[in-house]
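What follows is the content of target_23.txt, which has compact mmCIF, C-alpha atoms and all ligand atoms:
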```txt
# COMPACT_ATOMS: atom_id res chain seq x y z
CA MET H 66 118.35 94.17 101.63
CA GLU H 67 121.52 95.17 103.38
CA TYR H 68 124.27 96.89 101.38
CA ARG H 69 127.94 96.60 102.29
CA ARG H 70 131.02 98.45 101.02
CA LEU H 71 133.21 96.41 98.73
CA GLY H 72 136.18 96.60 101.09
CA LYS H 73 137.46 100.15 101.40
CA SER H 74 136.08 101.13 97.98
CA GLY H 75 133.14 103.48 97.54
CA LEU H 76 131.05 100.78 95.87
CA GLN H 77 128.00 99.47 97.73
CA VAL H 78 127.10 95.90 96.98
CA SER H 79 124.07 93.97 98.21
CA ALA H 80 125.00 91.49 100.96
CA LEU H 81 123.30 88.82 98.82
CA SER H 82 124.17 88.53 95.14
CA LEU H 83 123.43 86.02 92.38
CA GLY H 84 125.87 83.94 90.33
CA SER H 85 125.47 81.87 87.18
CA TRP H 86 128.10 79.08 87.42
CA LEU H 87 126.73 75.72 86.17
CA THR H 88 123.20 77.11 85.92
CA PHE H 89 122.88 79.81 83.20
CA GLY H 90 123.36 78.40 79.68
CA ASN H 91 123.70 74.89 81.12
CA GLN H 92 121.60 73.34 83.91
CA ILE H 93 118.57 75.66 83.65
CA SER H 94 116.46 77.12 80.83
CA ASP H 95 116.82 80.77 79.82
CA LYS H 96 113.29 81.30 81.16
CA VAL H 97 114.27 80.14 84.67
CA ALA H 98 117.43 82.27 84.49
CA ASP H 99 115.25 85.27 83.68
CA GLU H 100 112.92 84.50 86.60
CA LEU H 101 115.86 84.09 89.00
CA MET H 102 117.36 87.45 88.04
CA GLY H 103 113.96 89.14 88.33
CA ILE H 104 113.32 87.67 91.80
CA ALA H 105 116.81 88.68 92.95
CA TYR H 106 116.59 92.22 91.57
CA ASP H 107 113.15 92.76 93.11
CA ALA H 108 114.58 91.67 96.48
CA GLY H 109 117.30 94.35 96.23
CA VAL H 110 120.15 92.23 94.84
CA ASN H 111 122.37 94.58 92.83
CA PHE H 112 125.26 92.28 91.86
CA PHE H 113 125.21 89.54 89.23
CA ASP H 114 128.35 87.43 88.89
CA ASN H 115 129.64 85.84 85.70
CA ALA H 116 132.83 84.66 83.97
CA GLU H 117 134.13 84.01 80.47
CA GLY H 118 134.52 80.33 81.34
CA TYR H 119 130.94 79.69 82.53
CA ALA H 120 129.17 77.42 80.01
CA GLU H 121 131.89 78.42 77.51
CA GLY H 122 130.61 81.98 77.26
CA LYS H 123 126.92 81.02 77.05
CA SER H 124 126.29 82.06 80.65
CA GLU H 125 127.27 85.64 79.76
CA GLU H 126 125.17 85.56 76.60
CA VAL H 127 122.08 84.47 78.57
CA MET H 128 122.68 87.12 81.25
CA GLY H 129 123.26 89.78 78.57
CA LYS H 130 119.91 89.00 76.94
CA ILE H 131 118.15 89.18 80.30
CA LEU H 132 119.80 92.49 81.25
CA LYS H 133 118.73 93.91 77.90
CA SER H 134 115.14 92.68 78.06
CA GLN H 135 114.64 93.68 81.71
CA LYS H 136 115.64 97.26 80.84
CA TRP H 137 116.96 97.93 84.36
CA GLU H 138 118.78 101.23 84.69
CA ARG H 139 122.51 100.61 84.26
CA GLU H 140 123.20 102.50 87.52
CA SER H 141 121.04 100.05 89.46
CA PHE H 142 123.13 96.90 88.96
CA ILE H 143 126.69 95.65 89.15
CA VAL H 144 127.81 92.98 86.71
CA SER H 145 131.10 91.09 86.64
CA SER H 146 133.17 88.90 84.39
CA LYS H 147 136.31 86.90 85.07
CA VAL H 148 139.28 86.20 82.85
CA PHE H 149 141.62 83.20 82.88
CA PHE H 150 139.93 79.99 81.74
CA GLY H 151 138.93 81.18 78.24
CA THR H 152 135.75 80.13 76.44
CA GLU H 153 135.40 77.19 74.07
CA ASN H 154 138.40 77.96 71.86
CA LYS H 155 141.11 77.12 74.35
CA GLY H 156 144.65 77.50 73.04
CA PRO H 157 147.65 79.81 73.26
CA ASN H 158 146.64 83.37 74.13
CA ARG H 159 143.01 82.36 74.69
CA VAL H 160 143.57 81.59 78.39
CA GLY H 161 145.58 83.11 81.24
CA LEU H 162 146.38 86.66 82.29
CA SER H 163 148.62 88.03 79.51
CA ARG H 164 147.84 91.60 78.42
CA LYS H 165 146.50 90.17 75.16
CA HIS H 166 144.03 87.80 76.80
CA VAL H 167 142.98 90.14 79.62
CA ILE H 168 142.04 92.84 77.09
CA GLU H 169 140.52 90.54 74.46
CA ALA H 170 138.51 88.65 77.09
CA CYS H 171 137.13 91.92 78.45
CA ASN H 172 136.02 93.07 75.00
CA ALA H 173 134.39 89.68 74.37
CA ALA H 174 132.59 89.72 77.74
CA LEU H 175 131.25 93.22 77.05
CA LYS H 176 129.75 91.95 73.79
CA ARG H 177 128.22 88.83 75.34
CA LEU H 178 126.81 90.76 78.30
CA GLN H 179 125.69 93.63 76.02
CA VAL H 180 127.02 96.32 78.36
CA ASP H 181 129.45 99.23 77.83
CA TYR H 182 131.49 98.47 80.94
CA LEU H 183 131.98 95.76 83.58
CA ASP H 184 131.65 96.96 87.16
CA LEU H 185 133.91 94.20 88.46
CA TYR H 186 136.55 92.28 86.50
CA PHE H 187 138.34 89.38 88.17
CA CYS H 188 141.51 87.41 87.42
CA HIS H 189 139.79 84.02 87.86
CA ARG H 190 143.00 82.27 88.98
CA PRO H 191 146.66 83.33 89.32
CA ASP H 192 148.74 82.86 86.15
CA LYS H 193 152.20 81.61 87.10
CA GLN H 194 153.47 82.15 83.52
CA THR H 195 152.69 85.89 83.28
CA PRO H 196 154.50 88.58 85.30
CA ILE H 197 152.07 90.21 87.75
CA GLU H 198 153.23 93.63 86.39
CA GLU H 199 151.78 92.77 82.98
CA THR H 200 148.37 91.88 84.43
CA VAL H 201 148.26 94.91 86.75
CA TRP H 202 149.09 97.21 83.82
CA ALA H 203 146.49 95.51 81.57
CA MET H 204 143.81 95.98 84.24
CA ASN H 205 144.78 99.66 84.56
CA THR H 206 144.56 100.13 80.80
CA LEU H 207 140.97 98.83 80.93
CA LEU H 208 140.22 101.10 83.90
CA GLN H 209 141.55 104.11 81.96
CA GLN H 210 139.44 103.14 78.96
CA GLY H 211 136.34 103.00 81.17
CA LYS H 212 135.73 99.36 80.22
CA ILE H 213 135.97 98.19 83.84
CA LEU H 214 135.38 100.05 87.11
CA TYR H 215 137.10 97.80 89.68
CA TRP H 216 139.41 94.84 89.25
CA GLY H 217 140.23 91.97 91.54
CA THR H 218 141.35 88.39 91.90
CA SER H 219 139.84 84.99 92.60
CA GLU H 220 141.50 82.21 94.54
CA TRP H 221 144.84 84.01 94.70
CA SER H 222 147.07 83.47 97.72
CA ALA H 223 147.58 86.38 100.12
CA ALA H 224 151.18 86.62 98.87
CA GLU H 225 150.04 86.93 95.24
CA ILE H 226 147.47 89.61 96.09
CA MET H 227 150.10 91.46 98.12
CA GLU H 228 152.48 91.36 95.15
CA ALA H 229 149.80 92.92 92.92
CA ILE H 230 149.23 95.66 95.54
CA VAL H 231 152.97 96.39 95.75
CA VAL H 232 153.38 96.50 91.96
CA ALA H 233 150.40 98.85 91.63
CA LYS H 234 151.86 101.18 94.29
CA GLN H 235 155.27 101.13 92.57
CA TYR H 236 153.81 102.49 89.33
CA ASN H 237 151.03 104.65 90.85
CA LEU H 238 148.42 102.30 89.45
CA ILE H 239 145.17 101.03 90.93
CA GLY H 240 145.56 97.69 92.72
CA PRO H 241 143.01 94.92 93.29
CA THR H 242 139.86 96.06 95.12
CA MET H 243 138.38 92.64 95.83
CA GLU H 244 139.05 88.91 95.92
CA GLN H 245 136.54 86.14 95.19
CA PRO H 246 137.36 83.19 97.47
CA GLN H 247 135.36 80.13 98.39
CA TYR H 248 133.90 80.62 101.86
CA ASN H 249 131.54 78.33 103.71
CA LEU H 250 131.39 76.14 106.82
CA ILE H 251 133.91 73.78 105.25
CA GLU H 252 136.43 76.19 103.63
CA ARG H 253 137.38 78.90 106.12
CA ASN H 254 141.12 79.45 106.10
CA LYS H 255 141.48 82.23 103.50
CA LEU H 256 138.79 84.49 105.00
CA GLU H 257 139.49 83.82 108.65
CA ASN H 258 143.26 83.53 108.61
CA GLU H 259 145.29 84.00 105.42
CA TYR H 260 143.72 87.30 104.27
CA LEU H 261 143.39 89.04 107.66
CA HIS H 262 146.32 91.37 106.97
CA LEU H 263 144.86 92.31 103.57
CA PHE H 264 141.53 93.21 105.18
CA LYS H 265 143.08 95.27 107.97
CA GLU H 266 145.87 97.06 106.16
CA HIS H 267 144.61 97.22 102.56
CA GLY H 268 140.82 97.21 102.85
CA LEU H 269 140.36 94.25 100.49
CA GLY H 270 136.70 93.45 99.71
CA THR H 271 135.34 89.93 99.13
CA THR H 272 132.63 88.42 96.94
CA ILE H 273 132.47 84.92 98.38
CA TRP H 274 131.48 81.81 96.36
CA SER H 275 129.77 78.48 97.04
CA PRO H 276 128.32 79.48 100.42
CA LEU H 277 126.42 76.15 100.48
CA ALA H 278 129.43 74.14 99.23
CA SER H 279 127.43 73.27 96.11
CA GLY H 280 124.29 72.37 98.08
CA LEU H 281 126.03 70.12 100.63
CA LEU H 282 125.30 72.59 103.44
CA SER H 283 121.58 72.53 102.73
CA GLY H 284 121.62 68.97 104.09
CA LYS H 285 119.91 67.54 101.02
CA TYR H 286 122.61 64.99 100.22
CA THR H 287 122.56 63.13 103.51
CA THR H 288 120.14 60.58 101.99
CA GLY H 289 122.62 59.95 99.16
CA ASP H 290 120.11 61.08 96.51
CA THR H 291 121.60 63.40 93.88
CA LYS H 292 118.77 63.32 91.32
CA ASN H 293 117.97 66.64 89.60
CA THR H 294 120.98 68.38 91.12
CA ARG H 295 124.25 69.76 89.71
CA LEU H 296 126.02 66.63 90.93
CA ASP H 297 124.14 64.66 88.25
CA LEU H 298 125.28 66.91 85.38
CA ASN H 299 127.71 65.48 82.82
CA GLY H 300 131.34 65.95 83.79
CA MET H 301 130.58 66.69 87.46
CA ASP H 302 132.03 63.48 88.92
CA TRP H 303 134.91 65.44 90.43
CA LEU H 304 132.43 67.69 92.27
CA LYS H 305 130.28 64.75 93.34
CA ASP H 306 133.31 63.01 94.89
CA ARG H 307 134.22 66.18 96.74
CA VAL H 308 130.71 66.96 97.99
CA MET H 309 129.66 63.43 98.95
CA ALA H 310 132.77 62.69 101.05
CA GLU H 311 131.76 60.60 104.08
CA GLU H 312 133.52 62.79 106.65
CA LYS H 313 131.67 65.90 105.45
CA MET H 314 128.36 64.07 105.39
CA LYS H 315 128.72 63.03 109.04
CA LYS H 316 129.20 66.69 110.06
CA VAL H 317 126.22 67.81 108.01
CA VAL H 318 124.00 65.24 109.75
CA GLU H 319 124.98 66.81 113.11
CA LEU H 320 124.51 70.32 111.75
CA GLN H 321 121.03 69.35 110.58
CA LYS H 322 120.15 68.40 114.17
CA LEU H 323 121.16 71.90 115.32
CA ALA H 324 119.09 73.52 112.55
CA ASP H 325 116.10 71.34 113.51
CA LYS H 326 116.47 72.42 117.14
CA MET H 327 116.41 76.05 115.99
CA ASN H 328 113.47 75.29 113.71
CA LEU H 329 115.40 76.54 110.67
CA PRO H 330 116.13 75.05 107.26
CA LEU H 331 119.83 74.07 107.28
CA ALA H 332 120.47 76.07 104.07
CA LYS H 333 119.46 79.26 105.87
CA LEU H 334 121.59 78.50 108.93
CA SER H 335 124.64 77.83 106.72
CA LEU H 336 124.14 80.99 104.64
CA ALA H 337 123.50 83.19 107.70
CA TRP H 338 126.73 81.89 109.21
CA CYS H 339 128.70 83.25 106.21
CA LEU H 340 127.07 86.67 106.53
CA LYS H 341 128.14 86.97 110.19
CA ASN H 342 131.71 87.51 108.98
CA PRO H 343 132.19 91.29 108.51
CA ASN H 344 134.93 90.66 105.94
CA VAL H 345 132.31 89.24 103.58
CA SER H 346 131.24 92.13 101.34
CA THR H 347 128.74 90.03 99.41
CA MET H 348 127.75 86.37 99.39
CA ILE H 349 127.08 85.05 95.89
CA LEU H 350 124.06 82.74 95.90
CA GLY H 351 123.53 80.03 93.32
CA ALA H 352 120.15 78.52 92.51
CA SER H 353 118.67 76.21 89.89
CA LYS H 354 115.08 76.69 91.07
CA THR H 355 113.12 79.80 91.98
CA SER H 356 112.01 78.14 95.24
CA GLN H 357 115.66 77.79 96.34
CA LEU H 358 116.43 81.43 95.61
CA LYS H 359 113.29 82.66 97.37
CA GLU H 360 114.27 80.69 100.49
CA ASN H 361 117.88 81.89 100.39
CA LEU H 362 116.90 85.53 99.94
CA THR H 363 115.21 85.53 103.35
CA VAL H 364 118.45 84.65 105.14
CA LEU H 365 119.14 88.13 106.54
CA GLU H 366 116.34 87.64 109.07
CA VAL H 367 118.17 84.58 110.46
CA VAL H 368 121.52 86.29 111.11
CA PRO H 369 120.49 87.71 114.54
CA LEU H 370 119.59 84.17 115.70
CA LEU H 371 123.23 83.12 115.43
CA THR H 372 124.27 83.97 118.98
CA ASP H 373 127.80 83.36 120.33
CA LYS H 374 126.54 80.07 121.76
CA VAL H 375 125.15 78.93 118.39
CA MET H 376 128.41 79.95 116.67
CA GLU H 377 130.35 77.90 119.24
CA ASP H 378 128.10 74.88 118.72
CA ILE H 379 128.63 75.15 114.96
CA ASP H 380 132.42 75.32 115.40
CA LYS H 381 132.34 72.20 117.58
CA ILE H 382 130.28 70.24 115.07
CA MET H 383 132.29 71.25 112.02
CA GLY H 384 135.83 71.32 113.46
CA THR H 385 136.89 73.57 110.56
CA LYS H 386 137.80 76.77 112.42
CA PRO H 387 141.33 77.64 111.27
CA GLU H 388 144.26 78.07 113.61
CA LEU H 389 145.49 81.67 113.38
CA SER H 390 148.97 81.96 111.84
CA PRO H 391 151.44 83.36 114.38
CA PHE H 392 152.45 86.22 112.00
P1 LIG J 401 126.23 77.34 96.45
O1 LIG J 401 127.31 76.62 97.16
O2 LIG J 401 125.30 78.15 97.29
O3 LIG J 401 125.42 76.26 95.60
C1 LIG J 401 124.26 76.64 94.90
C2 LIG J 401 123.52 75.37 94.51
O4 LIG J 401 123.05 74.69 95.67
C3 LIG J 401 122.27 75.69 93.69
O5 LIG J 401 122.55 75.89 92.34
C4 LIG J 401 121.44 74.46 93.98
O6 LIG J 401 121.99 73.36 93.25
C5 LIG J 401 121.70 74.24 95.47
N1 LIG J 401 120.84 75.05 96.35
C6 LIG J 401 120.78 76.40 96.46
N2 LIG J 401 119.90 76.77 97.40
C7 LIG J 401 119.39 75.64 97.92
C8 LIG J 401 118.45 75.39 98.95
N3 LIG J 401 117.86 76.40 99.61
N4 LIG J 401 118.17 74.10 99.24
C9 LIG J 401 118.74 73.08 98.57
N5 LIG J 401 119.66 73.26 97.58
C10 LIG J 401 119.99 74.53 97.27
O7 LIG J 401 126.81 78.37 95.39
P2 LIG J 401 127.54 78.11 93.95
O8 LIG J 401 128.49 76.98 94.03
O9 LIG J 401 126.48 78.08 92.92
O10 LIG J 401 128.37 79.45 93.85
C11 LIG J 401 127.69 80.71 93.78
C12 LIG J 401 128.34 81.57 92.73
O11 LIG J 401 129.69 81.81 93.08
C13 LIG J 401 128.43 80.97 91.31
O12 LIG J 401 127.25 81.06 90.59
C14 LIG J 401 129.53 81.81 90.73
O13 LIG J 401 129.02 83.07 90.34
C15 LIG J 401 130.47 81.97 91.91
N6 LIG J 401 131.56 80.97 91.87
C16 LIG J 401 132.84 81.43 91.69
C17 LIG J 401 133.90 80.57 91.64
C18 LIG J 401 135.28 81.13 91.44
O14 LIG J 401 136.21 80.35 91.21
N7 LIG J 401 135.46 82.42 91.50
C19 LIG J 401 133.72 79.11 91.74
C20 LIG J 401 132.35 78.72 91.97
C21 LIG J 401 131.33 79.63 92.05
P3 LIG J 401 121.15 72.13 92.64
O15 LIG J 401 120.77 72.48 91.26
O16 LIG J 401 122.14 71.03 92.67
O17 LIG J 401 119.94 71.92 93.53
```
Once more with this new file: its structure as C-alpha cells, please.
Amino acid sequence: MEYRRLGKSGLQVSALSLGSWLTFGNQISDKVADELMGIAYDAGVNFFDNAEGYAEGKSEEVMGKILKSQKWERESFIVSSKVFFGTENKGPNRVGLSRKHVIEACNAALKRLQVDYLDLYFCHRPDKQTPIEETVWAMNTLLQQGKILYWGTSEWSAAEIMEAIVVAKQYNLIGPTMEQPQYNLIERNKLENEYLHLFKEHGLGTTIWSPLASGLLSGKYTTGDTKNTRLDLNGMDWLKDRVMAEEKMKKVVELQKLADKMNLPLAKLSLAWCLKNPNVSTMILGASKTSQLKENLTVLEVVPLLTDKVMEDIDKIMGTKPELSPF
C-alpha cells in the first residue's frame, strides 16, 4: 500500500480507502461488510469513510460493530463521519450545519461507530442558511474537545472553502484540512481546475468519491444489464438515469477498447487514472462484493502503465478534460 499525506497535514492516509455509501446497512449483509473491511485492512487500507446520512445511520452502526469485533488498534485506522443530511428523523435542527446539529451529529456518530473520536469529520454539503463562522467555530469546539481530529468539507465550491479558511484565520482557529469531491473520468473540473489554488496555496487534501462513477467506468453497463447492482436498488432511478446516459455509454465503449488493448480490466484502468493525480490524497473505493474489492485493491500496480501517451488517448476518448480558468 502507498500512503499519502492528507494535504499539508501530518496525517498519512492509504492511497486506497473504503467507503460504505449504499452498501453497508443497505445493499449488502453485515457479514459481507465485515469481509470487505477485513480484506481492505489486511491490504493496508487505513481509512474507512462513513456519514450520518448513509442508510439513515445504519451504515455507521454496522461499521461500529465491525470495528469493535475486529479489535484493531485504534491507532491503526482512520474513520470518518459527515454531517448535513441527518439520519431518519429529518426536521428542523436535525439537518444542516448549525452549531446544534454539527455537535449533536458528532456525538451520535461517535455512539453509532463506537469510537471515542472521529479522525475526519466532514460538512457533507454547504449550508446556505448557516453563517460559515458558526460552522467553523462548532468544528473547532469539537477539535478542542478531542472528539474530532481533522475537519473538512464535501462538495463545497472553492469560494466556500476559501471563506472557511479566511474565517478560521481571522479568529486563530483551525480551518478545513480536506475536501471530499467526486473525481473520476467524467467529473474532473473541481480537482483539475477549480481547487488548484487551494492545493497550491493552502495545502488542501482530498478524499475523492465515486472513482468508478458508480460502476459505469468498469464498463459493465454497456450491455444495458443492471441486475444485482446498485442501480436496481429501490429509489435509485435518479442514479440509473445519470449513469446510463447514452453519451457516457458511447465513451465507455471506446475506453473499453483501450483497456482491452492494454490487456487490463477497465475498472483498474479507470481507478489507476484517478491515482495519477497527485492532488488525490486518497481514493475511496466502493464494493458490494469481495471479488470487486480484491480486484480494485491491486490497482497500484497498474499506475505505472499509464504513460503520457495512454493519458492522452484517454483524454481524447472522454473529452472531459477541463479548460483551465484564466485566473
Ligand atoms: P464507485 O464509483 O467506485 O462505485 C462503487 C460501486 O461500483 C460498487 O459498490 C459496485 O457496485 C461497483 N464496482 C466496484 N468495483 C467494481 C469492479 N471492479 N467491477 C464492476 N463493478 C464494480 O464508488 P462509490 O460511488 O461507492 O463511492 C465510494 C465512496 O465514496 C462511498 O462509499 C462513500 O464513502 C463516498 N461517497 C461520498 C459522497 C459524498 O457526497 N461525499 C457521495 C458518494 C460516495 P454494484 O453493487 O452496483 O456492483
Using all atoms listed in the file, find each protein or nucleic acid residue lying at most 6 Å from ligand LIG 401 (chain J); present the set as an mmCIF file with C-alpha atoms, in the coordinates of the input.
```
data_model
loop_
_atom_site.group_PDB
_atom_site.id
_atom_site.type_symbol
_atom_site.label_atom_id
_atom_site.label_comp_id
_atom_site.auth_asym_id
_atom_site.auth_seq_id
_atom_site.Cartn_x
_atom_site.Cartn_y
_atom_site.Cartn_z
ATOM 1 C CA GLY H 84 125.870 83.940 90.330
ATOM 2 C CA SER H 85 125.470 81.870 87.180
ATOM 3 C CA TRP H 86 128.100 79.080 87.420
ATOM 4 C CA ASP H 114 128.350 87.430 88.890
ATOM 5 C CA ASN H 115 129.640 85.840 85.700
ATOM 6 C CA HIS H 189 139.790 84.020 87.860
ATOM 7 C CA SER H 219 139.840 84.990 92.600
ATOM 8 C CA GLN H 245 136.540 86.140 95.190
ATOM 9 C CA TRP H 274 131.480 81.810 96.360
ATOM 10 C CA SER H 275 129.770 78.480 97.040
ATOM 11 C CA PRO H 276 128.320 79.480 100.420
ATOM 12 C CA LEU H 277 126.420 76.150 100.480
ATOM 13 C CA ALA H 278 129.430 74.140 99.230
ATOM 14 C CA SER H 279 127.430 73.270 96.110
ATOM 15 C CA GLY H 280 124.290 72.370 98.080
ATOM 16 C CA SER H 283 121.580 72.530 102.730
ATOM 17 C CA THR H 294 120.980 68.380 91.120
ATOM 18 C CA ARG H 295 124.250 69.760 89.710
ATOM 19 C CA ALA H 332 120.470 76.070 104.070
ATOM 20 C CA ILE H 349 127.080 85.050 95.890
ATOM 21 C CA LEU H 350 124.060 82.740 95.900
ATOM 22 C CA GLY H 351 123.530 80.030 93.320
ATOM 23 C CA ALA H 352 120.150 78.520 92.510
ATOM 24 C CA SER H 353 118.670 76.210 89.890
ATOM 25 C CA GLN H 357 115.660 77.790 96.340
ATOM 26 C CA GLU H 360 114.270 80.690 100.490
ATOM 27 C CA ASN H 361 117.880 81.890 100.390
#
```
**Asked** Distance CA of Gly90 in chain H-CA of Val127 in chain H, one decimal place?
**Response** 6.3 Å
**Request:** Would you list the residues near (131.9, 99.0, 89.8) (no more than 12 Å away, in the coordinates of the file, using all atoms listed in the file) as a PyMOL selection string?
**Result:** chain H and resi 70-71+74-78+111-113+139-146+182-187+208+211-217+242-243
**Request:** Name all residues at most 10 Å from range 376-386 of chain H (count all atoms listed in the file; drop same-chain ones fewer than 4 positions away) and give them as number ranges by chain.
**Result:** H: 249-254, 257-258, 313, 315-320, 323-324, 334-335, 338, 341, 370-372
**Asked** Need the neighbours of (136.9, 85.2, 107.6): which residues are at most 9 Å away, counting only C-alpha atoms, as a ChimeraX atom specification?
**Response** /H:248,253-261,339,342-345
**Request:** Work out how far CA of Gly240 in chain H is from CA of Asn205 in chain H, in Å to one decimal.
**Result:**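 Going from CA of Asn205 in chain H over to CA of Gly240 in chain H covers 8.4 Å.
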**Prompt:** CA of Leu132 in chain H and CA of Arg177 in chain H are how many Å apart?
**Reply:**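 One can read the CA of Leu132 in chain H to CA of Arg177 in chain H distance as 10.9 Å.
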Neighbour list for Val232 in chain H as a short mmCIF file (atom, residue, chain, number, x, y, z; two decimals) with C-alpha atoms, in the coordinates of the input, cut-off 12 Å, only C-alpha atoms, skip fewer than 2 positions in-chain:
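Writing done, so here's out_8.cif:
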```
data_model
loop_
_atom_site.label_atom_id
_atom_site.label_comp_id
_atom_site.auth_asym_id
_atom_site.auth_seq_id
_atom_site.Cartn_x
_atom_site.Cartn_y
_atom_site.Cartn_z
CA PRO H 196 154.50 88.58 85.30
CA ILE H 197 152.07 90.21 87.75
CA GLU H 198 153.23 93.63 86.39
CA GLU H 199 151.78 92.77 82.98
CA THR H 200 148.37 91.88 84.43
CA VAL H 201 148.26 94.91 86.75
CA TRP H 202 149.09 97.21 83.82
CA ASN H 205 144.78 99.66 84.56
CA GLU H 225 150.04 86.93 95.24
CA ILE H 226 147.47 89.61 96.09
CA MET H 227 150.10 91.46 98.12
CA GLU H 228 152.48 91.36 95.15
CA ALA H 229 149.80 92.92 92.92
CA ILE H 230 149.23 95.66 95.54
CA LYS H 234 151.86 101.18 94.29
CA GLN H 235 155.27 101.13 92.57
CA TYR H 236 153.81 102.49 89.33
CA ASN H 237 151.03 104.65 90.85
CA LEU H 238 148.42 102.30 89.45
CA ILE H 239 145.17 101.03 90.93
CA GLY H 240 145.56 97.69 92.72
CA PRO H 241 143.01 94.92 93.29
#
```
**Message:** From the options H:Thr288, H:Lys136, H:Gln210, H:Pro387, which residue's atoms come nearest to Ile168 in chain H, counting all atoms listed in the file?
**Reply:** H:Gln210
**Prompt:** Nearest to Lys176 in chain H: which of H:Lys73, H:His267, H:Lys305, H:Lys130 is it, counting all atoms listed in the file?
**Reply:**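 With all atoms listed in the file as the atom set, the closest residue is H:Lys130.
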**Message:** Counting all atoms listed in the file, which residue out of H:Cys188, H:Ile93, H:Ala105, H:Leu81 sits closest to His166 in chain H?
**Reply:**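 Of H:Cys188, H:Ile93, H:Ala105, H:Leu81, the one nearest His166 in chain H, counting all atoms listed in the file, is H:Cys188.
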**Request:** Could you check which of H:Gly118, H:Pro157, H:Pro391, H:Gly103 is closest to Leu358 in chain H, using all atoms listed in the file?
**Result:**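 Ranked by minimum distance to Leu358 in chain H, first place goes to H:Gly103.
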